[in-house]
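Shown below: entry_5.pdb, with PDB, C-alpha atoms and all ligand atoms.
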MODEL        1
ATOM      1  CA  MET A 297     153.836 123.264 105.526
ATOM      2  CA  THR A 298     150.571 125.002 104.799
ATOM      3  CA  THR A 299     148.338 123.416 102.210
ATOM      4  CA  THR A 300     145.164 125.303 102.851
ATOM      5  CA  PRO A 301     142.250 124.610 100.605
ATOM      6  CA  THR A 302     139.683 126.908 102.144
ATOM      7  CA  ASP A 303     137.069 124.205 102.851
ATOM      8  CA  ARG A 304     139.600 122.604 105.222
ATOM      9  CA  ASP A 305     139.739 125.674 107.418
ATOM     10  CA  ARG A 306     136.044 126.449 107.066
ATOM     11  CA  THR A 307     135.216 123.043 108.509
ATOM     12  CA  ALA A 308     137.831 123.461 111.245
ATOM     13  CA  THR A 309     136.427 126.867 112.188
ATOM     14  CA  ARG A 310     132.936 125.396 112.563
ATOM     15  CA  LEU A 311     134.306 122.498 114.616
ATOM     16  CA  LEU A 312     136.248 124.858 116.886
ATOM     17  CA  ARG A 313     133.064 126.825 117.547
ATOM     18  CA  SER A 314     131.139 123.634 118.289
ATOM     19  CA  SER A 315     133.937 122.483 120.628
ATOM     20  CA  ALA A 316     133.675 125.739 122.567
ATOM     21  CA  GLU A 317     129.914 125.302 122.927
ATOM     22  CA  HIS A 318     129.608 121.557 123.512
ATOM     23  CA  SER A 319     132.496 120.115 125.485
ATOM     24  CA  TYR A 320     132.175 118.234 128.737
ATOM     25  CA  ASP A 321     134.418 117.686 131.685
ATOM     26  CA  PRO A 322     133.733 114.127 132.878
ATOM     27  CA  GLU A 323     135.201 114.997 136.278
ATOM     28  CA  VAL A 324     132.277 117.306 137.003
ATOM     29  CA  GLU A 325     129.550 115.964 134.685
ATOM     30  CA  ILE A 326     129.630 112.406 136.015
ATOM     31  CA  ASP A 327     128.726 111.251 139.504
ATOM     32  CA  TRP A 328     131.550 108.767 139.937
ATOM     33  CA  GLU A 329     130.462 107.749 143.422
ATOM     34  CA  ALA A 330     126.877 106.790 142.498
ATOM     35  CA  PRO A 331     126.173 103.111 143.122
ATOM     36  CA  PHE A 332     125.267 100.870 140.189
ATOM     37  CA  VAL A 333     121.542 100.326 139.702
ATOM     38  CA  GLU A 334     120.464  96.797 140.512
ATOM     39  CA  GLY A 335     119.187  94.811 137.560
ATOM     40  CA  LYS A 336     120.556  97.140 134.898
ATOM     41  CA  TYR A 337     122.997  95.979 132.255
ATOM     42  CA  PHE A 338     126.254  97.582 131.184
ATOM     43  CA  VAL A 339     125.583  97.188 127.480
ATOM     44  CA  PRO A 340     122.090  96.625 126.024
ATOM     45  CA  PRO A 341     121.563  92.883 126.607
ATOM     46  CA  HIS A 342     120.817  92.166 122.936
ATOM     47  CA  ARG A 343     124.300  93.547 122.150
ATOM     48  CA  SER A 344     126.080  91.134 124.450
ATOM     49  CA  SER A 345     128.352  88.919 122.381
ATOM     50  CA  LEU A 346     126.730  85.774 123.790
ATOM     51  CA  TYR A 347     123.113  86.989 123.676
ATOM     52  CA  GLY A 348     120.800  84.248 122.472
ATOM     53  CA  THR A 349     123.406  81.451 122.622
ATOM     54  CA  ASP A 350     123.064  78.270 124.688
ATOM     55  CA  LEU A 351     125.719  79.680 127.008
ATOM     56  CA  TRP A 352     123.565  82.781 127.524
ATOM     57  CA  GLU A 353     120.470  80.685 128.214
ATOM     58  CA  ARG A 354     122.332  78.790 130.909
ATOM     59  CA  MET A 355     123.534  81.941 132.681
ATOM     60  CA  THR A 356     121.762  83.523 135.605
ATOM     61  CA  GLU A 357     120.584  87.119 135.269
ATOM     62  CA  GLU A 358     123.498  88.191 137.499
ATOM     63  CA  GLN A 359     125.976  86.432 135.248
ATOM     64  CA  ARG A 360     124.520  88.075 132.153
ATOM     65  CA  ILE A 361     124.837  91.494 133.778
ATOM     66  CA  GLU A 362     128.376  90.653 134.898
ATOM     67  CA  LEU A 363     129.318  89.638 131.362
ATOM     68  CA  THR A 364     128.055  92.958 129.957
ATOM     69  CA  LYS A 365     130.102  94.766 132.610
ATOM     70  CA  HIS A 366     133.254  93.155 131.261
ATOM     71  CA  GLU A 367     132.146  93.724 127.681
ATOM     72  CA  VAL A 368     131.780  97.469 128.223
ATOM     73  CA  ALA A 369     135.172  97.458 129.975
ATOM     74  CA  SER A 370     136.630  95.737 126.907
ATOM     75  CA  ILE A 371     135.078  98.293 124.550
ATOM     76  CA  ALA A 372     136.392 101.150 126.722
ATOM     77  CA  GLY A 373     139.829  99.503 126.953
ATOM     78  CA  LEU A 374     140.068  99.318 123.174
ATOM     79  CA  GLY A 375     138.728 102.873 123.005
ATOM     80  CA  VAL A 376     141.524 104.208 125.225
ATOM     81  CA  TRP A 377     144.075 102.244 123.225
ATOM     82  CA  PHE A 378     142.926 103.748 119.933
ATOM     83  CA  GLU A 379     142.670 107.209 121.453
ATOM     84  CA  THR A 380     146.252 107.017 122.695
ATOM     85  CA  ILE A 381     147.395 106.122 119.183
ATOM     86  CA  LEU A 382     145.271 108.896 117.700
ATOM     87  CA  MET A 383     146.662 111.528 120.058
ATOM     88  CA  GLN A 384     150.205 110.635 118.966
ATOM     89  CA  LEU A 385     149.263 110.815 115.290
ATOM     90  CA  LEU A 386     147.475 114.124 115.673
ATOM     91  CA  ILE A 387     150.263 115.786 117.620
ATOM     92  CA  ARG A 388     152.726 114.785 114.902
ATOM     93  CA  GLU A 389     150.421 116.145 112.192
ATOM     94  CA  TYR A 390     149.984 119.334 114.191
ATOM     95  CA  PHE A 391     153.752 119.759 114.495
ATOM     96  CA  LYS A 392     154.023 119.934 110.686
ATOM     97  CA  GLN A 393     151.356 122.603 110.370
ATOM     98  CA  ASP A 394     151.008 126.339 110.800
ATOM     99  CA  PRO A 395     149.687 126.925 114.338
ATOM    100  CA  THR A 396     147.730 129.966 113.134
ATOM    101  CA  ALA A 397     145.592 127.799 110.802
ATOM    102  CA  PRO A 398     142.182 126.670 112.101
ATOM    103  CA  HIS A 399     142.816 123.152 110.747
ATOM    104  CA  ALA A 400     145.904 122.851 112.945
ATOM    105  CA  GLN A 401     144.118 124.368 115.920
ATOM    106  CA  TYR A 402     141.289 121.903 115.578
ATOM    107  CA  ALA A 403     143.773 118.983 115.632
ATOM    108  CA  LEU A 404     144.978 120.257 118.985
ATOM    109  CA  THR A 405     141.397 120.693 120.218
ATOM    110  CA  GLU A 406     140.613 117.114 119.251
ATOM    111  CA  ILE A 407     143.624 115.931 121.232
ATOM    112  CA  ALA A 408     142.197 117.822 124.216
ATOM    113  CA  ASP A 409     138.882 115.967 123.756
ATOM    114  CA  GLU A 410     140.686 112.640 123.586
ATOM    115  CA  CYS A 411     142.675 113.447 126.727
ATOM    116  CA  ARG A 412     139.415 113.864 128.627
ATOM    117  CA  HIS A 413     137.921 110.760 127.014
ATOM    118  CA  SER A 414     140.843 108.559 127.955
ATOM    119  CA  VAL A 415     140.678 109.764 131.548
ATOM    120  CA  MET A 416     136.916 109.129 131.483
ATOM    121  CA  PHE A 417     137.236 105.609 130.056
ATOM    122  CA  GLY A 418     140.082 104.803 132.426
ATOM    123  CA  ARG A 419     138.052 105.993 135.339
ATOM    124  CA  MET A 420     135.025 104.007 134.210
ATOM    125  CA  ILE A 421     137.069 100.800 133.895
ATOM    126  CA  ALA A 422     138.407 101.344 137.426
ATOM    127  CA  ARG A 423     134.874 102.035 138.717
ATOM    128  CA  LEU A 424     133.643  98.826 137.073
ATOM    129  CA  GLY A 425     136.329  96.912 138.915
ATOM    130  CA  ALA A 426     137.181  95.142 135.654
ATOM    131  CA  PRO A 427     140.649  94.258 134.363
ATOM    132  CA  LEU A 428     142.184  96.420 131.646
ATOM    133  CA  TYR A 429     141.337  94.683 128.399
ATOM    134  CA  GLN A 430     143.674  95.933 125.685
ATOM    135  CA  PRO A 431     145.302  94.408 122.599
ATOM    136  CA  THR A 432     148.271  92.141 123.238
ATOM    137  CA  GLY A 433     150.945  90.419 121.154
ATOM    138  CA  VAL A 434     151.011  91.228 117.468
ATOM    139  CA  ASN A 435     148.066  93.622 117.783
ATOM    140  CA  GLN A 436     149.896  95.601 120.426
ATOM    141  CA  TRP A 437     152.979  95.716 118.230
ATOM    142  CA  LEU A 438     150.939  96.899 115.242
ATOM    143  CA  GLY A 439     149.388  99.606 117.405
ATOM    144  CA  LYS A 440     152.840 100.893 118.323
ATOM    145  CA  TRP A 441     153.894 100.720 114.691
ATOM    146  CA  ILE A 442     150.944 102.756 113.431
ATOM    147  CA  ALA A 443     151.320 105.234 116.297
ATOM    148  CA  HIS A 444     154.866 105.895 115.105
ATOM    149  CA  THR A 445     154.362 105.744 111.367
ATOM    150  CA  GLY A 446     150.677 106.366 110.591
ATOM    151  CA  VAL A 447     150.100 109.127 108.082
ATOM    152  CA  GLY A 448     147.597 109.979 105.385
ATOM    153  CA  PRO A 449     144.646 107.795 104.375
ATOM    154  CA  ARG A 450     145.616 104.776 106.476
ATOM    155  CA  MET A 451     145.852 106.939 109.574
ATOM    156  CA  TYR A 452     142.464 108.609 109.100
ATOM    157  CA  ALA A 453     140.682 105.450 107.946
ATOM    158  CA  ALA A 454     141.964 103.404 110.895
ATOM    159  CA  ILE A 455     140.843 106.128 113.283
ATOM    160  CA  LEU A 456     137.415 106.318 111.673
ATOM    161  CA  ILE A 457     136.843 102.562 111.885
ATOM    162  CA  ALA A 458     137.326 102.644 115.659
ATOM    163  CA  GLU A 459     135.467 105.905 116.196
ATOM    164  CA  GLU A 460     132.432 105.040 114.103
ATOM    165  CA  ILE A 461     131.973 101.528 115.491
ATOM    166  CA  LEU A 462     132.169 102.849 119.042
ATOM    167  CA  ASP A 463     129.785 105.618 118.065
ATOM    168  CA  ALA A 464     127.097 103.223 116.789
ATOM    169  CA  LEU A 465     127.224 101.195 120.008
ATOM    170  CA  GLN A 466     127.257 104.239 122.272
ATOM    171  CA  ARG A 467     124.406 106.032 120.489
ATOM    172  CA  GLU A 468     122.211 103.052 121.235
ATOM    173  CA  ALA A 469     123.481 102.550 124.806
ATOM    174  CA  MET A 470     122.965 106.191 125.811
ATOM    175  CA  ASN A 471     119.248 105.931 125.021
ATOM    176  CA  ASP A 472     118.641 102.504 126.540
ATOM    177  CA  GLU A 473     116.916 102.516 129.905
ATOM    178  CA  ASN A 474     118.109  98.970 130.629
ATOM    179  CA  VAL A 475     121.658 100.315 130.734
ATOM    180  CA  GLN A 476     123.460 101.603 133.830
ATOM    181  CA  PRO A 477     123.325 105.424 134.175
ATOM    182  CA  LEU A 478     127.135 105.631 134.377
ATOM    183  CA  VAL A 479     127.561 103.915 131.022
ATOM    184  CA  ARG A 480     124.777 106.004 129.483
ATOM    185  CA  MET A 481     126.408 109.257 130.613
ATOM    186  CA  VAL A 482     129.892 108.246 129.464
ATOM    187  CA  SER A 483     128.369 107.238 126.122
ATOM    188  CA  ARG A 484     126.472 110.518 125.755
ATOM    189  CA  ILE A 485     129.560 112.668 126.376
ATOM    190  CA  HIS A 486     131.576 110.591 123.956
ATOM    191  CA  VAL A 487     128.932 110.628 121.220
ATOM    192  CA  VAL A 488     128.573 114.440 121.296
ATOM    193  CA  GLU A 489     132.296 115.073 121.072
ATOM    194  CA  GLU A 490     133.097 112.267 118.646
ATOM    195  CA  ALA A 491     130.647 113.648 116.075
ATOM    196  CA  ARG A 492     133.182 116.423 115.475
ATOM    197  CA  HIS A 493     136.082 113.982 115.201
ATOM    198  CA  VAL A 494     134.222 111.875 112.663
ATOM    199  CA  ARG A 495     133.442 114.961 110.590
ATOM    200  CA  TYR A 496     137.070 116.126 110.683
ATOM    201  CA  ALA A 497     138.513 112.719 109.789
ATOM    202  CA  ARG A 498     135.947 111.960 107.069
ATOM    203  CA  GLU A 499     136.560 115.245 105.278
ATOM    204  CA  GLU A 500     140.320 114.968 105.617
ATOM    205  CA  LEU A 501     140.322 111.376 104.374
ATOM    206  CA  ALA A 502     138.192 112.234 101.326
ATOM    207  CA  ARG A 503     140.519 115.147 100.523
ATOM    208  CA  GLN A 504     143.604 112.940 100.815
ATOM    209  CA  ILE A 505     142.149 110.215  98.623
ATOM    210  CA  ARG A 506     141.512 112.759  95.890
ATOM    211  CA  SER A 507     145.183 113.719  95.911
ATOM    212  CA  ALA A 508     146.877 110.358  96.645
ATOM    213  CA  GLY A 509     148.745 108.162  94.194
ATOM    214  CA  ARG A 510     147.716 104.611  93.327
ATOM    215  CA  GLY A 511     150.645 102.673  94.841
ATOM    216  CA  ARG A 512     150.226 104.460  98.100
ATOM    217  CA  ILE A 513     146.549 103.529  98.352
ATOM    218  CA  THR A 514     147.324  99.829  97.768
ATOM    219  CA  PHE A 515     149.475  99.632 100.878
ATOM    220  CA  ASP A 516     146.985 101.713 102.804
ATOM    221  CA  LYS A 517     144.227  99.239 101.930
ATOM    222  CA  LEU A 518     146.201  96.489 103.659
ATOM    223  CA  VAL A 519     146.727  98.570 106.804
ATOM    224  CA  ILE A 520     143.074  99.653 106.829
ATOM    225  CA  GLY A 521     141.963  96.025 106.483
ATOM    226  CA  ARG A 522     144.179  95.084 109.430
ATOM    227  CA  ALA A 523     142.684  97.876 111.538
ATOM    228  CA  ALA A 524     139.198  96.625 110.655
ATOM    229  CA  TYR A 525     140.202  93.078 111.582
ATOM    230  CA  LEU A 526     141.593  94.183 114.938
ATOM    231  CA  THR A 527     138.538  96.271 115.772
ATOM    232  CA  GLY A 528     136.065  93.610 114.668
ATOM    233  CA  THR A 529     137.757  90.729 116.450
ATOM    234  CA  ARG A 530     139.073  92.441 119.590
ATOM    235  CA  LEU A 531     136.252  94.828 120.455
ATOM    236  CA  ILE A 532     135.204  92.074 122.822
ATOM    237  CA  ASP A 533     138.381  90.688 124.344
ATOM    238  CA  PRO A 534     138.005  86.907 124.828
ATOM    239  CA  ARG A 535     139.298  87.267 128.378
ATOM    240  CA  VAL A 536     135.943  88.839 129.343
ATOM    241  CA  TYR A 537     134.388  85.358 129.379
ATOM    242  CA  ARG A 538     136.452  84.402 132.422
ATOM    243  CA  ALA A 539     134.233  86.754 134.435
ATOM    244  CA  VAL A 540     131.369  84.287 134.012
ATOM    245  CA  GLY A 541     133.440  81.155 134.433
ATOM    246  CA  LEU A 542     133.961  80.411 130.757
ATOM    247  CA  ASP A 543     137.133  79.551 128.934
ATOM    248  CA  PRO A 544     138.100  82.543 126.738
ATOM    249  CA  GLU A 545     138.445  80.396 123.632
ATOM    250  CA  GLN A 546     135.071  78.763 124.226
ATOM    251  CA  GLY A 547     133.446  82.180 124.622
ATOM    252  CA  ARG A 548     135.217  83.588 121.575
ATOM    253  CA  ARG A 549     134.042  80.725 119.391
ATOM    254  CA  ALA A 550     130.481  80.980 120.657
ATOM    255  CA  ALA A 551     130.453  84.737 119.969
ATOM    256  CA  ARG A 552     131.932  84.278 116.490
ATOM    257  CA  ALA A 553     129.240  81.754 115.641
ATOM    258  CA  ASN A 554     126.443  83.757 117.277
ATOM    259  CA  PRO A 555     124.139  85.249 114.607
ATOM    260  CA  HIS A 556     123.103  88.031 117.019
ATOM    261  CA  HIS A 557     126.698  89.063 117.606
ATOM    262  CA  ARG A 558     127.519  88.843 113.922
ATOM    263  CA  GLU A 559     124.566  91.080 113.201
ATOM    264  CA  THR A 560     125.722  93.523 115.920
ATOM    265  CA  MET A 561     129.174  93.814 114.363
ATOM    266  CA  ARG A 562     127.748  94.211 110.864
ATOM    267  CA  TRP A 563     125.307  96.859 112.134
ATOM    268  CA  ALA A 564     128.024  98.723 114.062
ATOM    269  CA  GLY A 565     130.245  98.729 110.983
ATOM    270  CA  GLU A 566     127.543  99.697 108.513
ATOM    271  CA  ARG A 567     128.233 103.434 108.228
ATOM    272  CA  ILE A 568     132.012 103.247 108.101
ATOM    273  CA  VAL A 569     131.912 100.342 105.635
ATOM    274  CA  ALA A 570     129.628 102.378 103.344
ATOM    275  CA  PHE A 571     131.889 105.412 103.609
ATOM    276  CA  LEU A 572     135.116 103.517 102.937
ATOM    277  CA  THR A 573     133.446 101.610 100.087
ATOM    278  CA  ASP A 574     132.540 104.930  98.445
ATOM    279  CA  LEU A 575     136.193 105.960  98.654
ATOM    280  CA  ASP A 576     137.241 102.558  97.265
ATOM    281  CA  LEU A 577     139.346 101.818 100.342
ATOM    282  CA  ILE A 578     137.949  98.333 101.015
ATOM    283  CA  GLY A 579     139.535  95.652  98.879
ATOM    284  CA  GLY A 580     142.895  94.879  97.291
ATOM    285  CA  PRO A 581     145.316  93.331  99.772
ATOM    286  CA  GLY A 582     142.940  94.150 102.648
ATOM    287  CA  THR A 583     140.025  92.068 101.317
ATOM    288  CA  ALA A 584     140.565  88.875 103.351
ATOM    289  CA  LEU A 585     141.090  90.877 106.547
ATOM    290  CA  TRP A 586     137.851  92.755 106.003
ATOM    291  CA  HIS A 587     135.968  89.489 105.517
ATOM    292  CA  ALA A 588     137.486  88.043 108.687
ATOM    293  CA  SER A 589     136.675  91.230 110.620
ATOM    294  CA  GLY A 590     132.967  90.420 110.683
ATOM    295  CA  LEU A 591     132.136  94.011 109.746
ATOM    296  CA  LEU A 592     131.042  93.400 106.165
ATOM    297  CA  PRO A 593     127.443  92.539 105.242
ATOM    298  CA  ARG A 594     128.232  88.876 104.571
ATOM    299  CA  PRO A 595     131.254  87.904 106.674
ATOM    300  CA  ALA A 596     133.017  84.606 106.078
ATOM    301  CA  ALA A 597     133.333  84.264 109.850
ATOM    302  CA  THR A 598     134.131  80.762 110.925
ATOM    303  CA  ALA A 599     137.523  81.203 112.567
TER     304      ALA A 599
HETATM  305 FE    FE B   1     137.254 109.738 122.123
HETATM  306 FE    FE B   2     137.746 110.706 118.743
ENDMDL
END
What is this file in structure tokens?
Amino acid sequence: MTTTPTDRDRTATRLLRSSAEHSYDPEVEIDWEAPFVEGKYFVPPHRSSLYGTDLWERMTEEQRIELTKHEVASIAGLGVWFETILMQLLIREYFKQDPTAPHAQYALTEIADECRHSVMFGRMIARLGAPLYQPTGVNQWLGKWIAHTGVGPRMYAAILIAEEILDALQREAMNDENVQPLVRMVSRIHVVEEARHVRYAREELARQIRSAGRGRITFDKLVIGRAAYLTGTRLIDPRVYRAVGLDPEQGRRAARANPHHRETMRWAGERIVAFLTDLDLIGGPGTALWHASGLLPRPAATA
């Protein structure tokens, strides 16, 4: 099946050239044996989910650093999870396309990027000595479902939500001198390569919306809202709070009520929310999920 509006392949050709020039092998670019730097955080402290809360004030500096270590492990764990879904979706899309078309070739190139990223994130989680924080229960089931069935706008929008939120956090972390060099380097590699993925998915999503039917978009809005809810509420897995002696539910509630954390989620979601709003993909049956996700400007977040 070759639907080839020329702008599709023009973009893909540019992205293939950029991939050839700016791709990184984390095995050789990162010094995996380097010790952690004493006193440095693993996410910028003001982005910690408990920053500014009473719980935060009662923690020692070591505990605060330890919490951010588990928070970055949680973000990376969710990142790997989404990447594994994305790789499955892209390989299926690729299988339907003409392998001589640049658009198809770029899909394969993006899978290659994600393969390296997932190894990199996995390796970082192991180096942190943190547990693997990944979605469980119904979220895990939904992940499997979308990995097997995701197509069209819901597939690209769900991918973009995860990619763009991670991107906002990593762009800041890579430039923050309070952050551990390992995390900064992992973030930098990911940011450079993800810029291409975001471009590819944004253009493809906009193209698909222009040609999609109304009924189809209604169902997609529900799935997109659920993806936003999962990303917003599970970016920081409540189990991270155990690392500093807190009950997960107590930590989750404190984070949900924390104005700093709410602002962080809103800020991280800003660009993707604006983009999806322009395409009219936020709303309909997904409205309540978006509000509960904490990613919208004024979230009704009291859960
Ligand atoms: Fe990635
Ligand atoms: Fe990506």
Name all residues at most 7 Å from A:Phe338 (count all atoms listed in the file; drop same-chain ones fewer than 3 positions away) and give them as a CSV table (one decimal) with C-alpha atoms, in the coordinates of the input.
chain,number,residue,atom,x,y,z
A,361,ILE,CA,124.8,91.5,133.8
A,364,THR,CA,128.1,93.0,130.0
A,365,LYS,CA,130.1,94.8,132.6
A,368,VAL,CA,131.8,97.5,128.2
A,475,VAL,CA,121.7,100.3,130.7
A,476,GLN,CA,123.5,101.6,133.8
A,479,VAL,CA,127.6,103.9,131.0
For A:Tyr429, the nearest of the candidates A:Thr309, A:Thr396, A:Thr356, A:Ser370, counting all atoms listed in the file: A:Ser370
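Each of A:Leu531, A:Leu526, A:Ile455, A:Val482 was compared to A:Arg498 using all atoms listed in the file, and A:Ile455 turns out to be the nearest.
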Which of A:Ile532, A:Ala454, A:Ala539, A:Met420 sits closest to A:Thr560 [using all atoms listed in the file]: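 Smallest distance to A:Thr560 is found for A:Ile532.
Proximity of A:Ser345, A:Thr573, A:Thr445, A:Ser314 to A:Val536, computed with only C-alpha atoms, is greatest for A:Ser345.
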Evaluate the PyMOL selection byres (((not hetatm)) within 7 of (chain B and resi 2)) here and jot the selected residues down as a PDB file with C-alpha atoms, in the frame of the given file.
ATOM      1  CA  GLU A 379     142.670 107.209 121.453  1.00  0.00           C
ATOM      2  CA  GLU A 410     140.686 112.640 123.586  1.00  0.00           C
ATOM      3  CA  GLU A 459     135.467 105.905 116.196  1.00  0.00           C
ATOM      4  CA  GLU A 490     133.097 112.267 118.646  1.00  0.00           C
ATOM      5  CA  HIS A 493     136.082 113.982 115.201  1.00  0.00           C
TER       6      HIS A 493
END
Spatial neighbours of stretch 461-466 of chain A, 9 Å, all atoms listed in the file, chain gap at least 5 places, as a list in words: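 Counting only the stated atoms, we get Val339, Arg343, Ile371, Ala372, Gly375, Leu456, Asn471, Val479, Arg480, Val482, Ser483, Arg484, His486, Val487, Glu490, Ala491, Thr527, Gly528, Thr560, Met561, Trp563, Ala564, Gly565, Glu566, Arg567 and Ile568 of chain A.
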Could I get the residues of stretch 332-384 of chain A with an atom no further than 9 Å from an atom of stretch 434-439 of chain A, each paired with its nearest atom pair and that distance in Å to one decimal, using all atoms listed in the file, sorted by chain and residue number, as JSON lines?
{"residue": "A:Trp377", "atom": "CA", "partner": "A:Gly439", "partner_atom": "CA", "distance": 8.3}
{"residue": "A:Phe378", "atom": "CA", "partner": "A:Gly439", "partner_atom": "CA", "distance": 8.1}
{"residue": "A:Ile381", "atom": "CA", "partner": "A:Gly439", "partner_atom": "CA", "distance": 7.0}
Hits from the PyMOL selection byres (((chain A and resi 328-330) around 12) and not hetatm), listed as number ranges by chain: A: 322-327, 331-333, 416-417, 419-424, 476-479, 481-482
Would you put the residues from that selection into a file with C-alpha atoms, as a CSV table (one decimal), in the frame of the given file?
chain,number,residue,atom,x,y,z
A,322,PRO,CA,133.7,114.1,132.9
A,323,GLU,CA,135.2,115.0,136.3
A,324,VAL,CA,132.3,117.3,137.0
A,325,GLU,CA,129.6,116.0,134.7
A,326,ILE,CA,129.6,112.4,136.0
A,327,ASP,CA,128.7,111.3,139.5
A,331,PRO,CA,126.2,103.1,143.1
A,332,PHE,CA,125.3,100.9,140.2
A,333,VAL,CA,121.5,100.3,139.7
A,416,MET,CA,136.9,109.1,131.5
A,417,PHE,CA,137.2,105.6,130.1
A,419,ARG,CA,138.1,106.0,135.3
A,420,MET,CA,135.0,104.0,134.2
A,421,ILE,CA,137.1,100.8,133.9
A,422,ALA,CA,138.4,101.3,137.4
A,423,ARG,CA,134.9,102.0,138.7
A,424,LEU,CA,133.6,98.8,137.1
A,476,GLN,CA,123.5,101.6,133.8
A,477,PRO,CA,123.3,105.4,134.2
A,478,LEU,CA,127.1,105.6,134.4
A,479,VAL,CA,127.6,103.9,131.0
A,481,MET,CA,126.4,109.3,130.6
A,482,VAL,CA,129.9,108.2,129.5
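The closest residue to ligand FE 1 (chain B), picked from A:Gly433, A:Gly373, A:Pro555, A:Gly446 and counting only C-alpha atoms and all ligand atoms, is A:Gly373.
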Nearest to ligand FE 1 (chain B), chosen from A:Pro427, A:Thr529, A:Ile485, A:Thr302, with all atoms listed in the file counted in the distances: A:Ile485
